[in-house]
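Undergrad: Input structure: model.cif, which contains mmCIF, C-alpha atoms.
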```cif
data_upload
#
loop_
_atom_site.label_atom_id
_atom_site.label_comp_id
_atom_site.auth_asym_id
_atom_site.auth_seq_id
_atom_site.Cartn_x
_atom_site.Cartn_y
_atom_site.Cartn_z
CA MET F 1 169.73 22.36 -39.91
CA ARG F 2 169.52 24.53 -36.84
CA ASN F 3 165.85 25.23 -37.46
CA GLU F 4 165.10 21.54 -37.80
CA ARG F 5 166.79 20.83 -34.49
CA MET F 6 164.81 23.57 -32.83
CA ARG F 7 161.58 22.18 -34.23
CA THR F 8 162.26 18.72 -32.81
CA ASP F 9 163.20 20.17 -29.41
CA ILE F 10 159.87 21.93 -28.99
CA PRO F 11 157.04 19.67 -27.81
CA SER F 12 153.96 19.74 -30.04
CA VAL F 13 151.55 22.46 -28.96
CA GLN F 14 147.83 22.01 -29.54
CA TRP F 15 145.57 24.80 -30.71
CA PHE F 16 143.10 24.00 -27.95
CA ASP F 17 143.79 21.69 -25.05
CA GLY F 18 141.06 19.77 -23.25
CA PHE F 19 140.51 22.40 -20.60
CA THR F 20 140.13 25.24 -23.12
CA LYS F 21 137.72 23.16 -25.17
CA ALA F 22 135.60 22.39 -22.10
CA VAL F 23 135.51 26.05 -21.06
CA LEU F 24 134.67 27.24 -24.59
CA LEU F 25 131.91 24.65 -24.89
CA THR F 26 130.44 25.77 -21.54
CA MET F 27 130.63 29.40 -22.65
CA PHE F 28 128.88 28.71 -25.96
CA ILE F 29 126.12 26.72 -24.26
CA LEU F 30 125.50 29.50 -21.71
CA LEU F 31 125.64 32.25 -24.33
CA ALA F 32 123.28 30.29 -26.59
CA PHE F 33 120.90 29.90 -23.65
CA ILE F 34 121.06 33.65 -22.94
CA PHE F 35 120.63 34.51 -26.62
CA ILE F 36 117.62 32.22 -27.10
CA SER F 37 116.05 33.42 -23.84
CA ALA F 38 116.59 37.05 -24.81
CA LYS F 39 115.06 36.46 -28.24
CA TYR F 40 112.05 34.75 -26.68
CA MET F 41 111.56 37.53 -24.12
CA SER F 42 112.00 40.22 -26.75
CA SER F 43 109.44 38.62 -29.05
CA HIS F 44 106.96 38.34 -26.16
CA LYS F 45 107.56 41.95 -25.11
CA MET F 46 108.93 40.94 -21.72
CA GLU F 47 111.07 43.49 -19.88
CA ALA F 48 113.77 41.00 -18.81
CA GLY F 49 114.71 43.22 -15.86
CA GLY F 50 116.42 41.89 -12.78
CA THR F 51 114.32 40.57 -9.90
CA ASP F 52 116.51 42.56 -7.49
CA ASP F 53 115.45 45.78 -9.21
CA THR F 54 111.81 44.67 -9.32
CA VAL F 55 111.69 43.88 -5.61
CA ASN F 56 113.69 47.00 -4.68
CA SER F 57 111.16 49.09 -6.64
CA MET F 58 108.27 47.29 -4.88
CA ALA F 59 109.90 47.95 -1.51
CA ALA F 60 110.59 51.60 -2.35
CA LYS F 61 106.92 52.00 -3.33
CA VAL F 62 105.74 50.46 -0.05
CA SER F 63 108.16 52.49 2.07
CA GLY F 64 107.67 55.68 0.10
CA SER F 65 111.42 56.24 0.05
CA ALA F 66 113.80 56.62 -2.87
CA ALA F 67 115.82 53.42 -3.13
CA HIS F 68 119.09 53.65 -4.99
CA PRO F 69 122.23 51.59 -5.41
CA PHE F 70 125.42 52.98 -3.87
CA VAL F 71 126.74 53.71 -7.37
CA ASP F 72 124.59 54.02 -10.45
CA LEU F 73 126.34 52.88 -13.61
CA PRO F 74 124.51 54.26 -16.63
CA GLY F 75 124.51 52.63 -20.05
CA ASP F 76 127.75 51.03 -21.18
CA ALA F 77 129.54 51.88 -17.94
CA GLN F 78 127.84 48.87 -16.38
CA VAL F 79 128.98 46.59 -19.21
CA GLY F 80 132.51 47.99 -18.81
CA ALA F 81 132.52 47.48 -15.04
CA PHE F 82 131.24 43.90 -15.36
CA SER F 83 133.71 43.10 -18.14
CA ILE F 84 136.72 44.33 -16.19
CA ALA F 85 135.58 42.66 -12.96
CA ASN F 86 134.90 39.37 -14.71
CA LEU F 87 138.14 39.46 -16.70
CA CYS F 88 140.15 39.85 -13.50
CA VAL F 89 138.05 37.26 -11.66
CA GLY F 90 138.48 34.83 -14.56
CA LEU F 91 142.24 35.30 -14.53
CA ILE F 92 142.46 34.76 -10.77
CA VAL F 93 140.18 31.69 -10.80
CA GLY F 94 142.06 30.27 -13.80
CA HIS F 95 145.45 30.85 -12.20
CA LEU F 96 144.43 29.29 -8.88
CA TRP F 97 142.52 26.45 -10.54
CA THR F 98 145.62 25.57 -12.54
CA MET F 99 147.73 25.74 -9.40
CA LEU F 100 145.38 23.51 -7.42
CA PHE F 101 143.62 21.21 -9.84
CA GLU F 102 145.60 20.81 -13.04
CA ARG F 103 146.67 17.25 -13.75
CA ASN F 104 150.31 18.18 -13.08
CA ALA F 105 149.45 20.42 -10.11
CA GLU F 106 151.39 18.10 -7.84
CA LYS F 107 154.59 19.47 -9.39
CA GLN F 108 153.64 22.92 -8.15
CA LEU F 109 152.02 21.94 -4.88
CA PRO F 110 153.34 18.66 -3.47
CA ARG F 111 150.66 16.04 -3.04
CA ARG F 112 149.82 15.19 0.52
CA ARG F 113 150.45 11.49 0.87
CA ASP F 114 147.02 10.31 1.75
CA GLU F 115 146.23 6.85 0.52
CA GLU F 116 142.99 6.98 2.41
CA ALA F 117 141.89 9.93 0.32
CA ASP F 118 142.97 8.16 -2.87
CA ALA F 119 140.97 5.08 -1.96
CA LEU F 120 137.97 7.18 -1.04
CA HIS F 121 138.31 9.02 -4.28
CA GLU F 122 137.92 5.80 -6.23
CA ASP F 123 135.15 4.62 -3.96
CA LEU F 124 133.11 7.82 -3.87
CA ILE F 125 133.56 8.94 -7.42
CA GLY F 126 132.87 5.45 -8.65
CA LYS F 127 135.94 4.93 -10.81
CA MET W 1 118.69 39.77 -2.89
CA HIS W 2 120.82 42.89 -3.25
CA ILE W 3 118.76 45.32 -1.18
CA GLN W 4 119.62 48.88 -2.10
CA ASP W 5 120.35 51.90 0.08
CA GLY W 6 117.35 53.88 1.27
CA ILE W 7 114.90 51.03 1.87
CA LEU W 8 115.79 49.84 5.37
CA SER W 9 115.89 52.21 8.31
CA ALA W 10 119.17 53.14 10.01
CA GLN W 11 118.29 51.07 13.10
CA GLU W 12 117.55 47.99 11.00
CA CYS W 13 120.78 48.41 9.07
CA ALA W 14 122.67 48.67 12.40
CA VAL W 15 121.05 45.46 13.68
CA TYR W 16 122.01 43.57 10.50
CA TYR W 17 125.54 44.96 10.71
CA GLY W 18 125.71 43.71 14.31
CA VAL W 19 124.53 40.21 13.33
CA THR W 20 127.05 40.15 10.49
CA ALA W 21 129.90 41.23 12.79
CA ALA W 22 128.96 38.50 15.28
CA VAL W 23 129.47 35.87 12.56
CA VAL W 24 132.37 37.52 10.71
CA ILE W 25 134.59 37.48 13.82
CA PRO W 26 134.48 33.67 14.25
CA GLY W 27 134.87 33.51 10.47
CA VAL W 28 138.17 35.39 10.61
CA LEU W 29 139.32 33.10 13.43
CA GLU W 30 138.31 30.03 11.41
CA ILE W 31 140.34 31.28 8.46
CA LYS W 32 143.41 31.88 10.64
CA LYS W 33 143.11 28.40 12.16
CA ARG W 34 142.64 26.62 8.86
CA VAL W 35 145.48 28.49 7.17
CA GLU W 36 147.80 27.12 9.87
CA GLN W 37 146.43 23.59 9.45
CA ASN W 38 146.34 23.43 5.67
CA PRO W 39 148.82 25.17 3.35
CA TYR W 40 146.37 24.87 0.44
CA TYR W 41 143.65 26.78 2.25
CA LYS W 42 144.85 30.25 1.15
CA PRO W 43 144.60 29.66 -2.62
CA PHE W 44 141.32 27.80 -2.05
CA LEU W 45 139.88 30.74 -0.15
CA ALA W 46 141.03 33.23 -2.79
CA MET W 47 139.59 31.12 -5.61
CA VAL W 48 136.30 30.55 -3.85
CA GLY W 49 136.04 34.24 -2.93
CA VAL W 50 136.36 35.50 -6.47
CA ALA W 51 134.10 32.70 -7.70
CA VAL W 52 131.35 33.82 -5.30
CA PHE W 53 131.85 37.38 -6.56
CA VAL W 54 131.28 36.42 -10.18
CA ILE W 55 128.51 33.87 -9.53
CA SER W 56 126.49 36.29 -7.41
CA SER W 57 126.75 39.08 -9.97
CA MET W 58 125.99 36.91 -13.01
CA HIS W 59 122.47 37.73 -14.12
CA LEU W 60 120.86 34.98 -16.13
CA PRO W 61 117.56 35.36 -17.97
CA VAL W 62 114.63 33.09 -17.19
CA PRO W 63 112.35 33.24 -20.22
CA VAL W 64 109.38 31.67 -18.42
CA THR W 65 109.06 34.68 -16.11
CA GLY W 66 110.60 37.28 -18.40
CA SER W 67 113.15 38.47 -15.88
CA CYS W 68 116.74 37.89 -14.81
CA SER W 69 118.34 36.90 -11.53
CA HIS W 70 121.57 35.48 -10.22
CA PRO W 71 122.66 32.41 -8.27
CA CYS W 72 124.69 32.83 -5.05
CA GLY W 73 127.42 30.18 -4.90
CA THR W 74 127.70 30.48 -1.13
CA THR W 75 126.66 26.91 -0.32
CA LEU W 76 129.38 25.48 -2.54
CA ALA W 77 131.81 27.89 -0.89
CA ALA W 78 130.70 26.71 2.56
CA ILE W 79 131.28 23.07 1.60
CA ILE W 80 134.77 23.85 0.33
CA VAL W 81 136.11 26.45 2.78
CA GLY W 82 133.67 26.26 5.71
CA PRO W 83 130.51 28.25 6.55
CA PHE W 84 132.06 30.90 8.81
CA ALA W 85 134.79 31.67 6.27
CA THR W 86 132.05 31.96 3.64
CA VAL W 87 130.38 34.70 5.68
CA VAL W 88 133.65 36.67 5.56
CA ILE W 89 133.88 36.08 1.80
CA SER W 90 130.25 37.20 1.31
CA THR W 91 130.77 40.42 3.24
CA ILE W 92 133.80 41.34 1.11
CA VAL W 93 132.01 40.33 -2.11
CA LEU W 94 128.93 42.41 -1.26
CA PHE W 95 131.13 45.40 -0.44
CA PHE W 96 132.88 45.28 -3.81
CA GLN W 97 129.63 44.66 -5.69
CA ALA W 98 128.12 47.72 -3.98
CA ILE W 99 130.98 50.11 -4.67
CA PHE W 100 131.91 48.97 -8.19
CA LEU W 101 128.96 47.26 -9.83
CA GLY W 102 125.97 49.14 -8.46
CA HIS W 103 124.64 45.97 -6.83
CA GLY W 104 123.13 46.61 -3.41
CA GLY W 105 124.17 49.39 -1.09
CA ILE W 106 126.66 50.29 1.61
CA THR W 107 124.13 50.67 4.42
CA THR W 108 122.58 47.33 3.46
CA ILE W 109 125.77 45.23 3.39
CA GLY W 110 124.76 43.83 6.79
CA ALA W 111 121.26 42.90 5.63
CA ASN W 112 122.54 41.41 2.37
CA THR W 113 125.21 39.44 4.25
CA VAL W 114 122.56 38.09 6.63
CA SER W 115 120.52 36.77 3.68
CA MET W 116 123.25 35.54 1.32
CA GLY W 117 126.23 35.05 3.60
CA ILE W 118 124.62 33.71 6.75
CA ALA W 119 121.13 32.31 6.10
CA GLY W 120 121.78 30.83 2.65
CA THR W 121 125.22 29.56 3.60
CA PHE W 122 124.23 27.89 6.87
CA ALA W 123 120.96 26.48 5.50
CA GLY W 124 122.79 24.90 2.58
CA PHE W 125 125.62 23.70 4.80
CA VAL W 126 123.24 22.06 7.31
CA VAL W 127 121.46 20.27 4.46
CA TRP W 128 124.85 19.16 3.11
CA LYS W 129 125.84 17.77 6.52
CA ILE W 130 122.50 15.98 6.99
CA PHE W 131 122.63 14.40 3.54
CA ARG W 132 126.22 13.31 4.04
CA MET W 133 125.36 11.87 7.47
CA LEU W 134 122.61 9.89 5.75
CA GLN W 135 125.26 8.58 3.33
CA PHE W 136 123.86 10.26 0.21
CA PRO W 137 126.43 10.51 -2.60
CA ILE W 138 128.51 13.68 -2.60
CA TRP W 139 126.98 14.97 -5.85
CA ALA W 140 123.43 14.53 -4.52
CA ALA W 141 124.20 16.21 -1.21
CA ALA W 142 125.91 19.11 -3.01
CA ALA W 143 123.01 19.53 -5.42
CA VAL W 144 120.29 19.59 -2.77
CA SER W 145 122.26 21.90 -0.51
CA GLY W 146 122.97 24.25 -3.43
CA PHE W 147 119.25 24.42 -4.20
CA VAL W 148 118.25 24.99 -0.57
CA GLY W 149 120.95 27.60 0.02
CA ASP W 150 119.84 29.60 -3.01
CA ILE W 151 116.13 29.60 -2.13
CA VAL W 152 116.75 30.35 1.57
CA THR W 153 118.85 33.37 0.59
CA TYR W 154 115.91 34.89 -1.26
CA LEU W 155 113.38 33.86 1.39
CA VAL W 156 115.41 35.68 4.03
CA SER W 157 115.94 38.71 1.81
CA ALA W 158 112.17 38.93 1.30
CA LEU W 159 111.67 38.46 5.05
CA GLU W 160 114.04 41.35 5.82
CA LEU W 161 112.02 43.61 3.55
CA ALA W 162 108.73 42.37 4.96
CA LEU W 163 109.87 42.86 8.57
CA SER W 164 110.79 46.42 7.72
CA LEU W 165 107.84 47.39 5.56
CA HIS W 166 104.81 45.25 6.41
CA GLY W 167 103.05 48.04 8.34
CA ASN W 168 99.42 47.02 8.85
CA VAL W 169 99.65 44.15 6.38
CA PRO W 170 100.17 40.72 8.02
CA LEU W 171 103.88 39.87 8.03
CA LEU W 172 103.39 36.52 6.28
CA LYS W 173 101.38 38.13 3.48
CA GLN W 174 103.95 40.89 2.93
CA TRP W 175 106.76 38.33 3.06
CA MET W 176 105.14 36.23 0.36
CA ILE W 177 104.46 39.34 -1.75
CA PHE W 178 108.15 40.18 -1.73
CA PHE W 179 109.18 36.56 -2.21
CA MET W 180 106.92 36.25 -5.23
CA GLY W 181 109.00 39.03 -6.74
CA TYR W 182 112.01 36.73 -6.53
CA GLY W 183 110.63 33.19 -6.39
CA PRO W 184 109.37 32.32 -9.90
CA THR W 185 112.65 33.44 -11.46
CA GLN W 186 114.79 32.06 -8.68
CA VAL W 187 113.54 28.46 -8.67
CA PRO W 188 114.98 27.59 -12.13
CA LEU W 189 118.22 29.33 -11.18
CA ALA W 190 118.35 27.35 -7.93
CA VAL W 191 118.09 24.18 -10.03
CA MET W 192 121.02 25.46 -12.13
CA GLU W 193 122.96 26.22 -8.96
CA ALA W 194 122.26 22.69 -7.74
CA ILE W 195 123.69 21.18 -10.93
CA PHE W 196 126.64 23.59 -10.86
CA SER W 197 127.48 22.76 -7.23
CA ALA W 198 127.35 19.01 -7.89
CA VAL W 199 129.50 19.21 -11.04
CA VAL W 200 132.16 21.53 -9.58
CA LEU W 201 132.52 19.50 -6.39
CA LYS W 202 132.72 16.26 -8.36
CA VAL W 203 135.42 17.67 -10.66
CA MET W 204 137.41 18.96 -7.67
CA LEU W 205 137.22 15.58 -5.96
CA GLU W 206 138.16 13.72 -9.11
CA ARG W 207 141.25 15.88 -9.53
CA ARG W 208 142.55 16.31 -5.98
CA PRO W 209 140.63 14.47 -3.25
CA ASP W 210 143.59 15.02 -0.94
CA LEU W 211 142.91 18.77 -0.97
CA LEU W 212 139.37 18.38 0.36
CA PRO W 213 139.68 16.22 3.46
CA GLY W 214 136.86 18.02 5.29
CA ILE W 215 134.32 16.76 2.77
CA LEU W 216 134.67 13.15 3.81
CA THR W 217 132.66 11.81 6.73
CA LYS W 218 133.94 9.44 9.44
CA LYS W 219 132.11 6.55 7.79
CA ASP W 220 133.80 7.38 4.49
CA LYS W 221 137.16 7.27 6.21
CA VAL W 222 136.41 3.83 7.66
CA LYS W 223 135.38 2.67 4.20
CA GLY W 224 138.58 4.16 2.80
CA ARG W 225 140.70 2.33 5.35
CA GLN W 226 138.94 -0.94 4.50
CA LEU W 227 139.58 -0.30 0.82
CA CYS W 228 143.24 0.42 1.52
CA ALA W 229 143.50 -2.80 3.55
CA MET W 230 141.86 -4.81 0.77
CA LYS W 231 144.34 -3.42 -1.70
CA GLY W 232 147.13 -4.45 0.64
#
```
Could you write out this structure as structure tokens?

TA:
Amino acid sequence: MRNERMRTDIPSVQWFDGFTKAVLLTMFILLAFIFISAKYMSSHKMEAGGTDDTVNSMAAKVSGSAAHPFVDLPGDAQVGAFSIANLCVGLIVGHLWTMLFERNAEKQLPRRRDEEADALHEDLIGK
Amino acid sequence: MHIQDGILSAQECAVYYGVTAAVVIPGVLEIKKRVEQNPYYKPFLAMVGVAVFVISSMHLPVPVTGSCSHPCGTTLAAIIVGPFATVVISTIVLFFQAIFLGHGGITTIGANTVSMGIAGTFAGFVVWKIFRMLQFPIWAAAAVSGFVGDIVTYLVSALELALSLHGNVPLLKQWMIFFMGYGPTQVPLAVMEAIFSAVVLKVMLERRPDLLPGILTKKDKVKGRQLCAMKG
């Protein structure tokens, strides 16, 4: 009896809401693009190096100096650094995006009463 | 566009640091002023800052050229938080990329800020303003400015290298040699940045147009007032 009451009190929770679905779809499209590109470049024996590195090497050759990044991250250290940086960045962007742009964001940040902006919104966005 | 340590001379690095400082100072003042005017500016600035960090370190492969490069995101940032504030963001982003991700160098933060934070940002922002003055739709103006900002960043980066290293070779020739190292890979990515800028700005405006008042032109405001009046 108690359990039943509890179940009815809790609003239904979806596995994936619209935002998560959109983000996952974007991620899969980008990863598929990277995977297909990598496969193509690998099969055509392309190096797939960064243009920054290419141009820095060209410049170092011209200048005759030894160009180097401030820190050199060998092997998996680079993957680790990028993963941690991007995890934290993703959390911050997600948190602030939710605060500013979620559909119910006005509950967290009161909406500035600006009918002009509302009207422009409809006009400019074409709704 | 992340020029590494050891390529530019100390004098050149000092000049680029000086140019950066001359733009960062009004940038800090702009941030202070806008924080007082708009309570939403702080979270906007933080979000845009970390977004520029991730966008400008995200290497994407371009199979046509067989190499990878990254977009910049600074034009979109300039549209949202202002061009001077974007220079401040870029300087901080380039510092963290240099010390943690091995992207660029410490001595070249000034040079990299001049290309990505100043040239790319202001070029894209000017294009945005011109297109909006000419009453182009917001998505079109954002797309074109995103494209221009991206390409100008790499043009200026190549120019910095050419100015430093052209020696007896004509400057224009050396500039184009360096730019051809970036260009073929960068053009498709600039197209992606254009689409990204248009989509993100459109989504932001759809959700909360009241948070982005600076994006609307005077003519838009007149149109808005007319629309309000028509609605009664």

Undergrad: Work out how far apart CA of Ile80 in chain W and CA of Ile195 in chain W are and give it in Å to one decimal.

TA: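 Going from CA of Ile80 in chain W over to CA of Ile195 in chain W covers 16.0 Å.
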
Undergrad: For chain F, which of W:Gly117, W:Gly104, W:Pro71, W:Pro184 is the closest residue, counting all atoms listed in the file?

TA: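 Checking each of W:Gly117, W:Gly104, W:Pro71, W:Pro184 against chain F, counting all atoms listed in the file, the winner is W:Gly104.
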
Undergrad: Pick from F:Ala38, F:Leu73, F:Ala59, F:Ala67: nearest to Val64 in chain W, with all atoms listed in the file counted?

TA: F:Ala38

Undergrad: For Met176 in chain W, please output as a list in words all residues within 9 Å (counting only C-alpha atoms; exclusion window: fewer than 3 positions along the same chain).

TA: Leu155, Ala158, Leu159, Ala162, Leu171, Leu172, Lys173, Phe179, Met180 and Gly181 of chain W

Undergrad: Could you tell me which residues the PyMOL selection byres ((chain W and resi 15) around 12) grabs in this file, written as a PDB file with C-alpha atoms, keeping the file's coordinate frame?

TA:
```
ATOM      1  CA  LEU W   8     115.790  49.840   5.370  1.00  0.00           C
ATOM      2  CA  SER W   9     115.890  52.210   8.310  1.00  0.00           C
ATOM      3  CA  ALA W  10     119.170  53.140  10.010  1.00  0.00           C
ATOM      4  CA  GLN W  11     118.290  51.070  13.100  1.00  0.00           C
ATOM      5  CA  GLU W  12     117.550  47.990  11.000  1.00  0.00           C
ATOM      6  CA  CYS W  13     120.780  48.410   9.070  1.00  0.00           C
ATOM      7  CA  ALA W  14     122.670  48.670  12.400  1.00  0.00           C
ATOM      8  CA  TYR W  16     122.010  43.570  10.500  1.00  0.00           C
ATOM      9  CA  TYR W  17     125.540  44.960  10.710  1.00  0.00           C
ATOM     10  CA  GLY W  18     125.710  43.710  14.310  1.00  0.00           C
ATOM     11  CA  VAL W  19     124.530  40.210  13.330  1.00  0.00           C
ATOM     12  CA  THR W  20     127.050  40.150  10.490  1.00  0.00           C
ATOM     13  CA  ALA W  21     129.900  41.230  12.790  1.00  0.00           C
ATOM     14  CA  ALA W  22     128.960  38.500  15.280  1.00  0.00           C
ATOM     15  CA  THR W 107     124.130  50.670   4.420  1.00  0.00           C
ATOM     16  CA  THR W 108     122.580  47.330   3.460  1.00  0.00           C
ATOM     17  CA  ILE W 109     125.770  45.230   3.390  1.00  0.00           C
ATOM     18  CA  GLY W 110     124.760  43.830   6.790  1.00  0.00           C
ATOM     19  CA  ALA W 111     121.260  42.900   5.630  1.00  0.00           C
ATOM     20  CA  THR W 113     125.210  39.440   4.250  1.00  0.00           C
ATOM     21  CA  VAL W 114     122.560  38.090   6.630  1.00  0.00           C
ATOM     22  CA  GLU W 160     114.040  41.350   5.820  1.00  0.00           C
ATOM     23  CA  SER W 164     110.790  46.420   7.720  1.00  0.00           C
TER      24      SER W 164
END
```

Undergrad: Set the cut-off to 6 Å and count only C-alpha atoms: what are the residues of chain W that reach chain F? Output as a list in words.

TA: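 Within 6 Å of chain F on chain W, we get Met1, Gln4, Asp5, Gly6, Ile7, Met47, Val50, Pro63, Gly66, Ser67, Cys68, Ser69, Ala98, Gly102, Gly104, Gly105, Gly181, Tyr182, Arg207, Pro209, Asp210, Gly224 and Arg225 of chain W.
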
Undergrad: When you count all atoms listed in the file, which of these residues is closest to Phe44 in chain W: F:Ile84, F:Thr20, F:Thr26, F:Thr98?

TA: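 Answer, going by the shortest atom-to-atom distance: F:Thr98.
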
Undergrad: With only C-alpha atoms as the counted atoms, please give the residues lying no more than 12 Å from Arg34 in chain W, apart from itself and same-chain residues fewer than 5 positions off, as JSON, numbers by chain.

TA: {"W": [27, 28, 29, 39, 40, 41, 42, 44, 45, 80, 81, 82, 84, 85, 214]}

Undergrad: Enter the distance from CA of Leu205 in chain W to CA of His70 in chain W, in Å, rounded to one decimal.

TA: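 According to the coordinates, CA of Leu205 in chain W and CA of His70 in chain W are separated by 25.7 Å.
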
Undergrad: I'd like the interatomic distance between CA of Val152 in chain W and CA of Thr121 in chain W, to a tenth of an Å.

TA: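 Separating CA of Val152 in chain W from CA of Thr121 in chain W is a distance of 8.7 Å.
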
Undergrad: Starting from the displayed file, determine the output of the PyMOL selection byres ((chain W and resi 83) around 10) and express the residue list as a ChimeraX atom specification.

TA: /W:23,27,30,74-82,84-89,117-118,120-126

Undergrad: Using all atoms listed in the file, which residues sit within 9 Å of Ile92 in chain W once same-chain residues fewer than 5 positions away are excluded, as a PyMOL selection string?

TA: chain W and resi 49+53+87+97

Undergrad: Would you be able to write out as a ChimeraX atom specification which residues have an atom within 12 Å of (125.0, 14.5, -6.6) in the file's coordinates, counting only C-alpha atoms?

TA: /F:124-125 /W:128,131-132,135-147,194-203

Undergrad: Extending 4 Å beyond the listed atoms of range 77-82 of chain W on each side, what axis-aligned box results? I want centre and edge lengths in Å to one decimal, as JSON.

TA:
```
{"center_x": 133.4, "center_y": 25.5, "center_z": 2.4, "size_x": 13.4, "size_y": 12.8, "size_z": 14.6}
```
